Each structure stands twice: as C-alpha cells, then as structure tokens.
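J.: Pasting start_21.pdb below, which is PDB, C-alpha atoms and all ligand atoms.
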```
ATOM      1  CA  MET A   1      26.834  -5.716  -7.883  1.00  0.00           C
ATOM      2  CA  ASP A   2      26.086  -7.167 -11.312  1.00  0.00           C
ATOM      3  CA  ARG A   3      22.304  -7.370 -11.161  1.00  0.00           C
ATOM      4  CA  LEU A   4      19.381  -5.445  -9.688  1.00  0.00           C
ATOM      5  CA  ILE A   5      15.775  -6.513  -9.155  1.00  0.00           C
ATOM      6  CA  LEU A   6      13.210  -3.705  -8.933  1.00  0.00           C
ATOM      7  CA  PHE A   7       9.866  -4.580  -7.347  1.00  0.00           C
ATOM      8  CA  ASP A   8       6.529  -2.894  -7.852  1.00  0.00           C
ATOM      9  CA  ILE A   9       4.457  -2.786  -4.630  1.00  0.00           C
ATOM     10  CA  ASP A  10       0.675  -2.936  -5.191  1.00  0.00           C
ATOM     11  CA  ALA A  11      -0.553  -6.307  -6.489  1.00  0.00           C
ATOM     12  CA  THR A  12       3.062  -7.470  -6.817  1.00  0.00           C
ATOM     13  CA  LEU A  13       4.196  -7.666  -3.176  1.00  0.00           C
ATOM     14  CA  LEU A  14       0.867  -6.995  -1.463  1.00  0.00           C
ATOM     15  CA  VAL A  15      -2.765  -6.088  -2.062  1.00  0.00           C
ATOM     16  CA  THR A  16      -4.456  -3.440   0.054  1.00  0.00           C
ATOM     17  CA  SER A  17      -7.933  -4.335  -1.264  1.00  0.00           C
ATOM     18  CA  GLY A  18      -8.788  -0.722  -1.952  1.00  0.00           C
ATOM     19  CA  ALA A  19      -7.372   0.817   1.262  1.00  0.00           C
ATOM     20  CA  GLY A  20      -5.156   3.199  -0.707  1.00  0.00           C
ATOM     21  CA  ILE A  21      -7.987   4.301  -2.970  1.00  0.00           C
ATOM     22  CA  ALA A  22     -10.321   4.710   0.023  1.00  0.00           C
ATOM     23  CA  ALA A  23      -7.738   6.887   1.784  1.00  0.00           C
ATOM     24  CA  MET A  24      -7.374   9.081  -1.334  1.00  0.00           C
ATOM     25  CA  ARG A  25     -11.169   9.405  -1.607  1.00  0.00           C
ATOM     26  CA  ASP A  26     -11.513  10.250   2.100  1.00  0.00           C
ATOM     27  CA  ALA A  27      -8.758  12.865   1.774  1.00  0.00           C
ATOM     28  CA  GLY A  28     -10.626  14.421  -1.160  1.00  0.00           C
ATOM     29  CA  ARG A  29     -13.882  14.421   0.801  1.00  0.00           C
ATOM     30  CA  ALA A  30     -12.245  16.041   3.824  1.00  0.00           C
ATOM     31  CA  LEU A  31     -10.427  18.716   1.819  1.00  0.00           C
ATOM     32  CA  PHE A  32     -12.532  19.501  -1.237  1.00  0.00           C
ATOM     33  CA  ASN A  33     -16.125  18.318  -1.099  1.00  0.00           C
ATOM     34  CA  PRO A  34     -18.146  15.588   0.596  1.00  0.00           C
ATOM     35  CA  GLU A  35     -19.165  14.098  -2.752  1.00  0.00           C
ATOM     36  CA  PHE A  36     -15.540  13.671  -3.894  1.00  0.00           C
ATOM     37  CA  THR A  37     -15.316  10.527  -6.014  1.00  0.00           C
ATOM     38  CA  THR A  38     -12.659   8.284  -7.498  1.00  0.00           C
ATOM     39  CA  ASP A  39     -15.180   6.399  -9.639  1.00  0.00           C
ATOM     40  CA  GLY A  40     -14.049   5.573 -13.129  1.00  0.00           C
ATOM     41  CA  LEU A  41     -10.349   6.242 -12.546  1.00  0.00           C
ATOM     42  CA  GLU A  42      -7.821   3.585 -13.515  1.00  0.00           C
ATOM     43  CA  PHE A  43      -5.358   3.008 -10.667  1.00  0.00           C
ATOM     44  CA  ALA A  44      -3.360  -0.112 -11.546  1.00  0.00           C
ATOM     45  CA  GLY A  45       0.236   0.613 -12.473  1.00  0.00           C
ATOM     46  CA  ARG A  46      -0.272   4.400 -12.412  1.00  0.00           C
ATOM     47  CA  LEU A  47       1.755   7.093 -10.647  1.00  0.00           C
ATOM     48  CA  ASP A  48       0.229   8.604  -7.494  1.00  0.00           C
ATOM     49  CA  PRO A  49       1.085  12.227  -8.461  1.00  0.00           C
ATOM     50  CA  LEU A  50      -0.826  11.797 -11.747  1.00  0.00           C
ATOM     51  CA  LEU A  51      -3.722  10.103  -9.975  1.00  0.00           C
ATOM     52  CA  LEU A  52      -4.085  13.072  -7.627  1.00  0.00           C
ATOM     53  CA  VAL A  53      -4.200  15.460 -10.603  1.00  0.00           C
ATOM     54  CA  GLU A  54      -6.823  13.318 -12.363  1.00  0.00           C
ATOM     55  CA  MET A  55      -8.887  13.036  -9.186  1.00  0.00           C
ATOM     56  CA  LEU A  56      -8.908  16.799  -8.664  1.00  0.00           C
ATOM     57  CA  GLU A  57      -9.913  17.417 -12.294  1.00  0.00           C
ATOM     58  CA  LEU A  58     -12.590  14.707 -12.159  1.00  0.00           C
ATOM     59  CA  ASN A  59     -14.108  16.489  -9.163  1.00  0.00           C
ATOM     60  CA  GLY A  60     -13.900  19.992 -10.642  1.00  0.00           C
ATOM     61  CA  HIS A  61     -10.891  21.286  -8.690  1.00  0.00           C
ATOM     62  CA  GLU A  62      -7.757  22.879 -10.098  1.00  0.00           C
ATOM     63  CA  PRO A  63      -4.602  20.772  -9.713  1.00  0.00           C
ATOM     64  CA  THR A  64      -2.663  23.700  -8.248  1.00  0.00           C
ATOM     65  CA  HIS A  65       0.538  23.140  -6.297  1.00  0.00           C
ATOM     66  CA  ALA A  66      -1.275  24.092  -3.097  1.00  0.00           C
ATOM     67  CA  ASN A  67      -4.148  21.681  -3.751  1.00  0.00           C
ATOM     68  CA  LEU A  68      -1.810  18.830  -4.677  1.00  0.00           C
ATOM     69  CA  THR A  69       0.396  19.382  -1.623  1.00  0.00           C
ATOM     70  CA  ALA A  70      -2.583  19.435   0.732  1.00  0.00           C
ATOM     71  CA  PHE A  71      -4.109  16.398  -0.981  1.00  0.00           C
ATOM     72  CA  ARG A  72      -0.912  14.359  -0.680  1.00  0.00           C
ATOM     73  CA  GLU A  73      -0.499  15.224   2.997  1.00  0.00           C
ATOM     74  CA  ARG A  74      -4.096  14.390   3.787  1.00  0.00           C
ATOM     75  CA  TYR A  75      -3.905  11.122   1.842  1.00  0.00           C
ATOM     76  CA  GLY A  76      -0.966  10.090   4.030  1.00  0.00           C
ATOM     77  CA  ALA A  77      -2.861  11.078   7.174  1.00  0.00           C
ATOM     78  CA  GLU A  78      -5.961   9.129   6.085  1.00  0.00           C
ATOM     79  CA  LEU A  79      -3.904   6.021   5.318  1.00  0.00           C
ATOM     80  CA  HIS A  80      -2.221   6.280   8.731  1.00  0.00           C
ATOM     81  CA  ALA A  81      -5.630   6.662  10.368  1.00  0.00           C
ATOM     82  CA  LEU A  82      -6.971   3.653   8.485  1.00  0.00           C
ATOM     83  CA  SER A  83      -3.959   1.624   9.574  1.00  0.00           C
ATOM     84  CA  ALA A  84      -4.486   2.671  13.206  1.00  0.00           C
ATOM     85  CA  ARG A  85      -8.216   1.868  13.074  1.00  0.00           C
ATOM     86  CA  ARG A  86      -7.535  -1.585  11.695  1.00  0.00           C
ATOM     87  CA  GLY A  87      -4.814  -2.264  14.233  1.00  0.00           C
ATOM     88  CA  GLY A  88      -3.307  -4.712  11.760  1.00  0.00           C
ATOM     89  CA  PRO A  89      -1.853  -4.853   8.262  1.00  0.00           C
ATOM     90  CA  LEU A  90      -3.214  -2.489   5.608  1.00  0.00           C
ATOM     91  CA  GLY A  91      -3.186  -5.326   3.152  1.00  0.00           C
ATOM     92  CA  THR A  92      -2.348  -8.927   2.431  1.00  0.00           C
ATOM     93  CA  VAL A  93       1.100 -10.051   1.410  1.00  0.00           C
ATOM     94  CA  LEU A  94       0.869 -12.122  -1.776  1.00  0.00           C
ATOM     95  CA  PRO A  95       1.861 -15.810  -1.903  1.00  0.00           C
ATOM     96  CA  GLY A  96       5.589 -16.487  -1.723  1.00  0.00           C
ATOM     97  CA  VAL A  97       6.572 -12.842  -1.211  1.00  0.00           C
ATOM     98  CA  HIS A  98       8.006 -13.145   2.303  1.00  0.00           C
ATOM     99  CA  GLU A  99       9.875 -16.303   1.308  1.00  0.00           C
ATOM    100  CA  VAL A 100      11.252 -14.860  -1.952  1.00  0.00           C
ATOM    101  CA  LEU A 101      12.375 -11.613  -0.278  1.00  0.00           C
ATOM    102  CA  GLY A 102      13.962 -13.604   2.548  1.00  0.00           C
ATOM    103  CA  ARG A 103      15.871 -15.789   0.092  1.00  0.00           C
ATOM    104  CA  LEU A 104      17.051 -12.832  -1.981  1.00  0.00           C
ATOM    105  CA  ARG A 105      18.235 -11.043   1.161  1.00  0.00           C
ATOM    106  CA  ALA A 106      20.069 -14.165   2.316  1.00  0.00           C
ATOM    107  CA  LEU A 107      21.737 -14.416  -1.096  1.00  0.00           C
ATOM    108  CA  GLY A 108      22.709 -10.744  -0.961  1.00  0.00           C
ATOM    109  CA  THR A 109      20.920 -10.075  -4.253  1.00  0.00           C
ATOM    110  CA  PRO A 110      20.507  -6.316  -4.694  1.00  0.00           C
ATOM    111  CA  MET A 111      16.843  -5.385  -4.747  1.00  0.00           C
ATOM    112  CA  GLY A 112      15.060  -2.084  -5.044  1.00  0.00           C
ATOM    113  CA  LEU A 113      11.606  -0.623  -5.549  1.00  0.00           C
ATOM    114  CA  LEU A 114      10.061   0.917  -8.648  1.00  0.00           C
ATOM    115  CA  THR A 115       6.551   1.982  -7.740  1.00  0.00           C
ATOM    116  CA  GLY A 116       3.880   4.564  -8.436  1.00  0.00           C
ATOM    117  CA  ASN A 117       3.395   5.117  -4.697  1.00  0.00           C
ATOM    118  CA  PHE A 118       4.566   8.210  -2.875  1.00  0.00           C
ATOM    119  CA  GLU A 119       7.365   7.305  -0.482  1.00  0.00           C
ATOM    120  CA  GLU A 120       5.471   7.933   2.751  1.00  0.00           C
ATOM    121  CA  THR A 121       2.385   5.940   1.764  1.00  0.00           C
ATOM    122  CA  GLY A 122       4.250   3.186  -0.082  1.00  0.00           C
ATOM    123  CA  ALA A 123       6.535   2.685   2.916  1.00  0.00           C
ATOM    124  CA  LEU A 124       3.510   2.614   5.230  1.00  0.00           C
ATOM    125  CA  LYS A 125       1.849  -0.102   3.142  1.00  0.00           C
ATOM    126  CA  LEU A 126       5.050  -2.181   3.202  1.00  0.00           C
ATOM    127  CA  ARG A 127       5.775  -1.738   6.912  1.00  0.00           C
ATOM    128  CA  SER A 128       2.208  -2.553   7.921  1.00  0.00           C
ATOM    129  CA  CYS A 129       2.606  -5.874   6.072  1.00  0.00           C
ATOM    130  CA  GLY A 130       5.928  -6.779   7.685  1.00  0.00           C
ATOM    131  CA  ILE A 131       8.139  -5.744   4.760  1.00  0.00           C
ATOM    132  CA  ASP A 132      10.906  -3.298   5.688  1.00  0.00           C
ATOM    133  CA  PRO A 133      11.394  -0.548   3.067  1.00  0.00           C
ATOM    134  CA  ALA A 134      15.068  -0.418   4.126  1.00  0.00           C
ATOM    135  CA  TRP A 135      15.609  -3.799   2.428  1.00  0.00           C
ATOM    136  CA  PHE A 136      15.300  -2.015  -0.915  1.00  0.00           C
ATOM    137  CA  GLU A 137      18.015   0.188  -2.358  1.00  0.00           C
ATOM    138  CA  PRO A 138      17.462   2.083  -4.549  1.00  0.00           C
ATOM    139  CA  ALA A 139      13.789   2.822  -3.889  1.00  0.00           C
ATOM    140  CA  VAL A 140      12.267   4.836  -6.722  1.00  0.00           C
ATOM    141  CA  TRP A 141       8.860   6.329  -5.939  1.00  0.00           C
ATOM    142  CA  GLY A 142       5.983   7.728  -7.966  1.00  0.00           C
ATOM    143  CA  ASP A 143       7.161  11.333  -7.749  1.00  0.00           C
ATOM    144  CA  ASP A 144      10.823  10.638  -8.534  1.00  0.00           C
ATOM    145  CA  SER A 145      10.645  11.349 -12.269  1.00  0.00           C
ATOM    146  CA  PRO A 146      12.746  14.414 -13.165  1.00  0.00           C
ATOM    147  CA  HIS A 147      10.343  15.210 -16.042  1.00  0.00           C
ATOM    148  CA  GLN A 148       6.924  16.840 -16.421  1.00  0.00           C
ATOM    149  CA  PRO A 149       4.538  15.209 -16.824  1.00  0.00           C
ATOM    150  CA  PRO A 150       6.085  12.298 -14.933  1.00  0.00           C
ATOM    151  CA  ARG A 151       5.855   8.813 -16.387  1.00  0.00           C
ATOM    152  CA  ARG A 152       6.691   5.396 -15.029  1.00  0.00           C
ATOM    153  CA  ASP A 153       8.958   4.966 -18.067  1.00  0.00           C
ATOM    154  CA  HIS A 154      11.306   7.596 -16.567  1.00  0.00           C
ATOM    155  CA  LEU A 155      11.879   5.679 -13.349  1.00  0.00           C
ATOM    156  CA  PRO A 156      14.317   2.888 -14.386  1.00  0.00           C
ATOM    157  CA  ARG A 157      16.857   5.567 -15.408  1.00  0.00           C
ATOM    158  CA  VAL A 158      16.439   7.164 -11.981  1.00  0.00           C
ATOM    159  CA  ALA A 159      17.237   3.792 -10.386  1.00  0.00           C
ATOM    160  CA  LEU A 160      20.380   3.372 -12.521  1.00  0.00           C
ATOM    161  CA  ALA A 161      21.507   6.930 -11.745  1.00  0.00           C
ATOM    162  CA  ARG A 162      21.188   6.224  -8.016  1.00  0.00           C
ATOM    163  CA  VAL A 163      23.214   3.018  -8.318  1.00  0.00           C
ATOM    164  CA  LYS A 164      25.898   5.033 -10.101  1.00  0.00           C
ATOM    165  CA  LYS A 165      25.833   7.798  -7.493  1.00  0.00           C
ATOM    166  CA  ARG A 166      25.757   5.599  -4.385  1.00  0.00           C
ATOM    167  CA  ARG A 167      27.954   2.712  -5.534  1.00  0.00           C
ATOM    168  CA  GLY A 168      29.926   4.145  -8.436  1.00  0.00           C
ATOM    169  CA  ILE A 169      28.685   1.310 -10.670  1.00  0.00           C
ATOM    170  CA  ASP A 170      27.531   1.728 -14.271  1.00  0.00           C
ATOM    171  CA  LEU A 171      24.993  -1.066 -14.234  1.00  0.00           C
ATOM    172  CA  PRO A 172      23.780  -1.867 -17.776  1.00  0.00           C
ATOM    173  CA  ALA A 173      20.000  -1.655 -18.174  1.00  0.00           C
ATOM    174  CA  GLU A 174      19.824  -5.265 -19.344  1.00  0.00           C
ATOM    175  CA  ARG A 175      21.094  -6.351 -15.907  1.00  0.00           C
ATOM    176  CA  VAL A 176      18.010  -4.838 -14.292  1.00  0.00           C
ATOM    177  CA  THR A 177      14.866  -6.947 -13.832  1.00  0.00           C
ATOM    178  CA  ILE A 178      11.615  -5.081 -13.229  1.00  0.00           C
ATOM    179  CA  ILE A 179       8.832  -7.154 -11.706  1.00  0.00           C
ATOM    180  CA  GLY A 180       5.255  -5.917 -11.673  1.00  0.00           C
ATOM    181  CA  ASP A 181       1.621  -6.818 -12.248  1.00  0.00           C
ATOM    182  CA  THR A 182       0.562  -4.480 -15.075  1.00  0.00           C
ATOM    183  CA  PRO A 183       1.443  -3.718 -18.704  1.00  0.00           C
ATOM    184  CA  HIS A 184       2.759  -0.357 -17.365  1.00  0.00           C
ATOM    185  CA  ASP A 185       5.468  -2.235 -15.432  1.00  0.00           C
ATOM    186  CA  VAL A 186       6.263  -4.330 -18.501  1.00  0.00           C
ATOM    187  CA  ARG A 187       6.464  -1.320 -20.803  1.00  0.00           C
ATOM    188  CA  CYS A 188       8.663   0.716 -18.492  1.00  0.00           C
ATOM    189  CA  ALA A 189      11.130  -2.192 -18.493  1.00  0.00           C
ATOM    190  CA  ARG A 190      11.018  -2.709 -22.251  1.00  0.00           C
ATOM    191  CA  VAL A 191      11.464   0.922 -23.293  1.00  0.00           C
ATOM    192  CA  ASN A 192      14.517   1.160 -21.035  1.00  0.00           C
ATOM    193  CA  GLY A 193      16.121  -2.083 -22.188  1.00  0.00           C
ATOM    194  CA  CYS A 194      15.499  -3.814 -18.842  1.00  0.00           C
ATOM    195  CA  ARG A 195      14.257  -7.357 -18.343  1.00  0.00           C
ATOM    196  CA  SER A 196      10.578  -7.650 -17.494  1.00  0.00           C
ATOM    197  CA  VAL A 197       8.938 -10.190 -15.213  1.00  0.00           C
ATOM    198  CA  GLY A 198       5.146  -9.989 -15.089  1.00  0.00           C
ATOM    199  CA  VAL A 199       3.242 -11.453 -12.173  1.00  0.00           C
ATOM    200  CA  ALA A 200      -0.480 -12.082 -12.615  1.00  0.00           C
ATOM    201  CA  THR A 201      -1.558 -11.245  -9.055  1.00  0.00           C
ATOM    202  CA  GLY A 202      -3.333  -8.036 -10.079  1.00  0.00           C
ATOM    203  CA  LYS A 203      -6.060  -7.406 -12.605  1.00  0.00           C
ATOM    204  CA  TYR A 204      -4.075  -8.575 -15.627  1.00  0.00           C
ATOM    205  CA  SER A 205      -3.781 -12.188 -16.766  1.00  0.00           C
ATOM    206  CA  ARG A 206      -0.578 -14.019 -17.582  1.00  0.00           C
ATOM    207  CA  GLN A 207      -1.542 -13.837 -21.258  1.00  0.00           C
ATOM    208  CA  GLN A 208      -2.116 -10.072 -21.097  1.00  0.00           C
ATOM    209  CA  LEU A 209       1.293  -9.563 -19.467  1.00  0.00           C
ATOM    210  CA  ALA A 210       2.921 -11.823 -22.065  1.00  0.00           C
ATOM    211  CA  ASP A 211       1.189  -9.881 -24.841  1.00  0.00           C
ATOM    212  CA  ALA A 212       2.502  -6.641 -23.317  1.00  0.00           C
ATOM    213  CA  GLY A 213       5.988  -8.054 -23.885  1.00  0.00           C
ATOM    214  CA  ALA A 214       7.056  -9.494 -20.537  1.00  0.00           C
ATOM    215  CA  ASP A 215      10.136 -11.698 -20.835  1.00  0.00           C
ATOM    216  CA  VAL A 216       8.825 -14.040 -18.133  1.00  0.00           C
ATOM    217  CA  VAL A 217       5.315 -14.292 -16.709  1.00  0.00           C
ATOM    218  CA  LEU A 218       4.493 -15.816 -13.340  1.00  0.00           C
ATOM    219  CA  ALA A 219       1.077 -16.715 -11.927  1.00  0.00           C
ATOM    220  CA  ASP A 220       2.341 -15.552  -8.514  1.00  0.00           C
ATOM    221  CA  LEU A 221       5.568 -15.789  -6.491  1.00  0.00           C
ATOM    222  CA  GLY A 222       4.498 -18.981  -4.726  1.00  0.00           C
ATOM    223  CA  ARG A 223       6.947 -21.362  -6.414  1.00  0.00           C
ATOM    224  CA  VAL A 224       9.779 -19.913  -4.394  1.00  0.00           C
ATOM    225  CA  ASP A 225      12.713 -21.932  -5.787  1.00  0.00           C
ATOM    226  CA  ALA A 226      11.704 -21.288  -9.392  1.00  0.00           C
ATOM    227  CA  VAL A 227      10.972 -17.614  -8.753  1.00  0.00           C
ATOM    228  CA  VAL A 228      14.339 -17.050  -7.069  1.00  0.00           C
ATOM    229  CA  GLU A 229      16.013 -18.748 -10.028  1.00  0.00           C
ATOM    230  CA  VAL A 230      14.136 -16.552 -12.493  1.00  0.00           C
ATOM    231  CA  LEU A 231      15.046 -13.403 -10.577  1.00  0.00           C
ATOM    232  CA  THR A 232      18.692 -14.210  -9.885  1.00  0.00           C
ATOM    233  CA  THR A 233      19.842 -15.947 -13.063  1.00  0.00           C
ATOM    234  CA  GLY A 234      17.906 -14.290 -15.865  1.00  0.00           C
ATOM    235  CA  SER A 235      16.444 -17.647 -16.893  1.00  0.00           C
ATOM    236  CA  ALA A 236      12.780 -18.144 -17.736  1.00  0.00           C
ATOM    237  CA  GLY A 237      12.583 -21.057 -15.305  1.00  0.00           C
ATOM    238  CA  GLY A 238      10.144 -22.847 -17.613  1.00  0.00           C
ATOM    239  CA  LEU A 239       7.446 -20.537 -16.301  1.00  0.00           C
ATOM    240  CA  SER A 240       6.831 -18.235 -19.237  1.00  0.00           C
ATOM    241  CA  VAL A 241       3.738 -17.886 -21.375  1.00  0.00           C
ATOM    242  CA  ALA A 242       4.009 -17.666 -25.143  1.00  0.00           C
ATOM    243  CA  ARG A 243       3.288 -14.271 -26.612  1.00  0.00           C
ATOM    244  CA  ARG A 244       0.427 -14.297 -29.059  1.00  0.00           C
ATOM    245  CA  ASP A 245       2.525 -12.534 -31.660  1.00  0.00           C
ATOM    246  CA  ALA A 246       5.126 -15.296 -31.335  1.00  0.00           C
ATOM    247  CA  ALA A 247       2.542 -17.985 -31.920  1.00  0.00           C
ATOM    248  CA  PRO A 248       0.766 -17.428 -35.273  1.00  0.00           C
ATOM    249  CA  GLY A 249      -2.662 -18.977 -35.378  1.00  0.00           C
ATOM    250  CA  LEU A 250      -3.528 -18.362 -31.747  1.00  0.00           C
TER
HETATM  251 MG    MG B 301       1.183  -2.789  -9.209  1.00  0.00          MG
END
```
Would you mind giving the structure from this file in structure tokens?
T.:
Amino acid sequence: MDRLILFDIDATLLVTSGAGIAAMRDAGRALFNPEFTTDGLEFAGRLDPLLLVEMLELNGHEPTHANLTAFRERYGAELHALSARRGGPLGTVLPGVHEVLGRLRALGTPMGLLTGNFEETGALKLRSCGIDPAWFEPAVWGDDSPHQPPRRDHLPRVALARVKKRRGIDLPAERVTIIGDTPHDVRCARVNGCRSVGVATGKYSRQQLADAGADVVLADLGRVDAVVEVLTTGSAGGLSVARRDAAPGL
C-alpha cells in the first residue's frame, strides 16, 4: 500500500437532498420540543457531533451527555424510518461515483472514508444508495477525533494511525488524497500535509475550492478515466482551476 484515497460522503459520493437534516430535526422534535428547528445552521462539511451540540443550544437545551446520546440514537432511528417510508435510496449517487469506485476497487487502490457523519447514519446513507461501507478501510467518522472539541482537521491523523495499526505501514501524509466538496475538506487535507481534491458537487464552486487551496478541483466525478488518473497517480489530469492568489490581476 503506497497510496490512500479518503472520500467524504455528503455531496461528494451522494446527495440526500436534506434527508439527513430532516431526520435530525424530526429527532429534535420528538425528543425535545415540537418547535425544534435547524434553521440557520451550516451543515456542509461539518461534524455531526458538533451539529447536535449546536442544534441543542439553538433550541435552548443543554448539550449534556444524556441529551446528546438520546439525540444521536433518535436521529439514527428517524433516518431508518425515512428510508423505510421511501422504500428506495435515501439520496442520489452523484455522476461517475459508481464507475469511479468500481474502477478503483478493480485496481485494488486502497480507499477509505473521512466524513462528518456518525458511523451508523453514514453507513445507512451509503448502503441505501448501493455503496457498501465495507469497501472503505479505514473509515473515519465524525466522532472519531480523540480531541475535545473534535475537528475535521484531526481525522486524517486518525486514518494514518489505523493504517499503521491494521497494516503496519507508516504511510506518509503526502501519499493520502482527501476528496470532498467543501473548504473544510480542503483545509483538513492541507493542514495535515495531505493532497486535496475538491469536487464542486455541493454548495461550493470550483473557484471557491481552488481558493481554499485544493490541489485539484473537479466539476464532478463524471469524467471517469480522468478522475481515476487524478486519484491514482497524483496528477492534476488537466482538470484543475487556477487559484486566484496564483493569478495576479484576477
Ligand atoms: Mg460533504
């Protein structure tokens, strides 16, 4: 193993079109008060454990261990219920994702997850969309930071520690590519010395991801051959967008 690709989930592999947020809101309404709201919270690229704390505080409830534990459990139950009611996928797989994952698996390229989702809800989103969480090793989830408060920036080191523990390999950070749709994904790669691939299938544009410092920026994963080359060789594949700070006068 000389390379590892770590995928974000939401707006990188799939979009749930608000199903996750709706399940969190419904959990809050069931547990805490019928007016429970998620309005005004920023979700993209954030860690679920921090979102639950912010949601409780926004609605006037203490983020105690008991409240957070109950909230997390109920969120999982609401997402399961939503999935059952729909009788189909919880979201839409983004262009090229099935093909890219299939190619990487066929090539034997090690791939993992680095996501703000809790394990049980992140895995549910993936499975409901036909993506098997078992394809990804290591999988680093939103509550896997060893620090308080947790930050996404802590998670790449967790991934490297798991590679070391499971495979006995000291993989250098620069051999890790982190692919995600927000400046949070880009920053967590940069501050850890990892390579960053931004994909503009969320709320951020290619230019915004380039400005955040992404090494390569993709519109989506639809150009399968080029994307696989970018992910497996470390090349830019001719797909990058110039950073504003690298282009004076823009
Ligand atoms: Mg995302």
J.: Output as a tab-separated table one row per residue of stretch 112-204 of chain A within 10 Å of stretch 81-88 of chain A: the closest atom pair and its distance in Å to one decimal place, counting all atoms listed in the file, sorted by chain and residue number ascending.
T.:
```
residue	atom	partner	partner_atom	distance
A:Leu124	CA	A:Ser83	CA	8.7
A:Lys125	CA	A:Ser83	CA	8.8
A:Ser128	CA	A:Gly88	CA	7.1
A:Cys129	CA	A:Gly88	CA	8.3
```
J.: Would you mind listing, for every residue of stretch 98-176 of chain A within 12 Å of stretch 34-44 of chain A, the two atoms forming the shortest contact and the distance between them in Å to one decimal, using all atoms listed in the file, sorted by chain and ascending residue number, as a tab-separated table?
T.:
```
residue	atom	partner	partner_atom	distance
A:Thr115	CA	A:Ala44	CA	10.8
A:Gly116	CA	A:Ala44	CA	9.2
A:Asn117	CA	A:Phe43	CA	10.8
A:Arg152	CA	A:Ala44	CA	12.0
```
J.: One number please: atom CA of A:Val228 to atom CA of A:Arg206, in Å, one decimal.
T.: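 For atom CA of A:Val228 relative to atom CA of A:Arg206, the distance reads 18.5 Å.
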J.: With 6 Å as the cut-off and all atoms listed in the file counted, what is the closest atom pair between each nearby residue of chain A and ligand MG 301 (chain B)? Distances in Å to one decimal, ordered by chain and number, as CSV.
T.:
```
residue,atom,partner,partner_atom,distance
A:Asp8,CA,B:MG301,MG,5.5
A:Ile9,CA,B:MG301,MG,5.6
A:Asp10,CA,B:MG301,MG,4.1
A:Ala11,CA,B:MG301,MG,4.8
A:Thr12,CA,B:MG301,MG,5.6
A:Ala44,CA,B:MG301,MG,5.8
A:Gly45,CA,B:MG301,MG,4.8
A:Gly180,CA,B:MG301,MG,5.7
A:Asp181,CA,B:MG301,MG,5.1
```
J.: Pick out the residues sitting within 12 Å of A:Ala106, and hand them over as a PyMOL selection string; count only C-alpha atoms, and ignore anything fewer than 5 positions along from it in its own chain.
T.: chain A and resi 99-101+111+135+228
J.: Could you pull the residues within 10 Å of A:Gly18, counting all atoms listed in the file, minus those fewer than 5 positions along the same chain, as a PDB file with C-alpha atoms, in the coordinates of the input?
T.:
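The new file part33.pdb reads:
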```pdb
ATOM      1  CA  ALA A  23      -7.738   6.887   1.784  1.00  0.00           C
ATOM      2  CA  MET A  24      -7.374   9.081  -1.334  1.00  0.00           C
ATOM      3  CA  LEU A  90      -3.214  -2.489   5.608  1.00  0.00           C
ATOM      4  CA  GLY A  91      -3.186  -5.326   3.152  1.00  0.00           C
TER       5      GLY A  91
END
```
J.: Using the partial input, fill out stretch 105-118 of chain A with N, CA and C atoms; write the result as a short mmCIF file (atom, residue, chain, number, x, y, z; two decimals), in the coordinates of the input.
T.:
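Result went into result.cif, see below:
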```cif
data_model
loop_
_atom_site.label_atom_id
_atom_site.label_comp_id
_atom_site.auth_asym_id
_atom_site.auth_seq_id
_atom_site.Cartn_x
_atom_site.Cartn_y
_atom_site.Cartn_z
N ARG A 105 17.43 -11.74 0.16
CA ARG A 105 18.24 -11.04 1.16
C ARG A 105 19.36 -11.94 1.65
N ALA A 106 19.05 -13.22 1.86
CA ALA A 106 20.07 -14.16 2.32
C ALA A 106 21.17 -14.34 1.26
N LEU A 107 20.77 -14.28 0.00
CA LEU A 107 21.74 -14.42 -1.10
C LEU A 107 22.52 -13.13 -1.33
N GLY A 108 22.05 -12.03 -0.74
CA GLY A 108 22.71 -10.74 -0.96
C GLY A 108 22.41 -10.15 -2.32
N THR A 109 21.31 -10.59 -2.93
CA THR A 109 20.92 -10.07 -4.25
C THR A 109 20.40 -8.64 -4.11
N PRO A 110 21.00 -7.70 -4.81
CA PRO A 110 20.51 -6.32 -4.69
C PRO A 110 19.06 -6.19 -5.17
N MET A 111 18.23 -5.61 -4.33
CA MET A 111 16.84 -5.38 -4.75
C MET A 111 16.40 -3.98 -4.37
N GLY A 112 15.57 -3.43 -5.25
CA GLY A 112 15.06 -2.08 -5.04
C GLY A 112 13.57 -2.05 -5.31
N LEU A 113 13.02 -0.83 -5.27
CA LEU A 113 11.61 -0.62 -5.55
C LEU A 113 11.46 0.28 -6.77
N LEU A 114 10.46 -0.01 -7.59
CA LEU A 114 10.06 0.92 -8.65
C LEU A 114 8.54 0.92 -8.62
N THR A 115 7.97 1.98 -8.08
CA THR A 115 6.55 1.98 -7.74
C THR A 115 5.92 3.33 -8.02
N GLY A 116 4.61 3.32 -8.26
CA GLY A 116 3.88 4.56 -8.44
C GLY A 116 3.51 5.23 -7.13
N ASN A 117 3.74 4.55 -6.00
CA ASN A 117 3.40 5.12 -4.70
C ASN A 117 4.29 6.30 -4.34
N PHE A 118 3.72 7.25 -3.59
CA PHE A 118 4.57 8.21 -2.88
C PHE A 118 5.36 7.45 -1.82
#
```
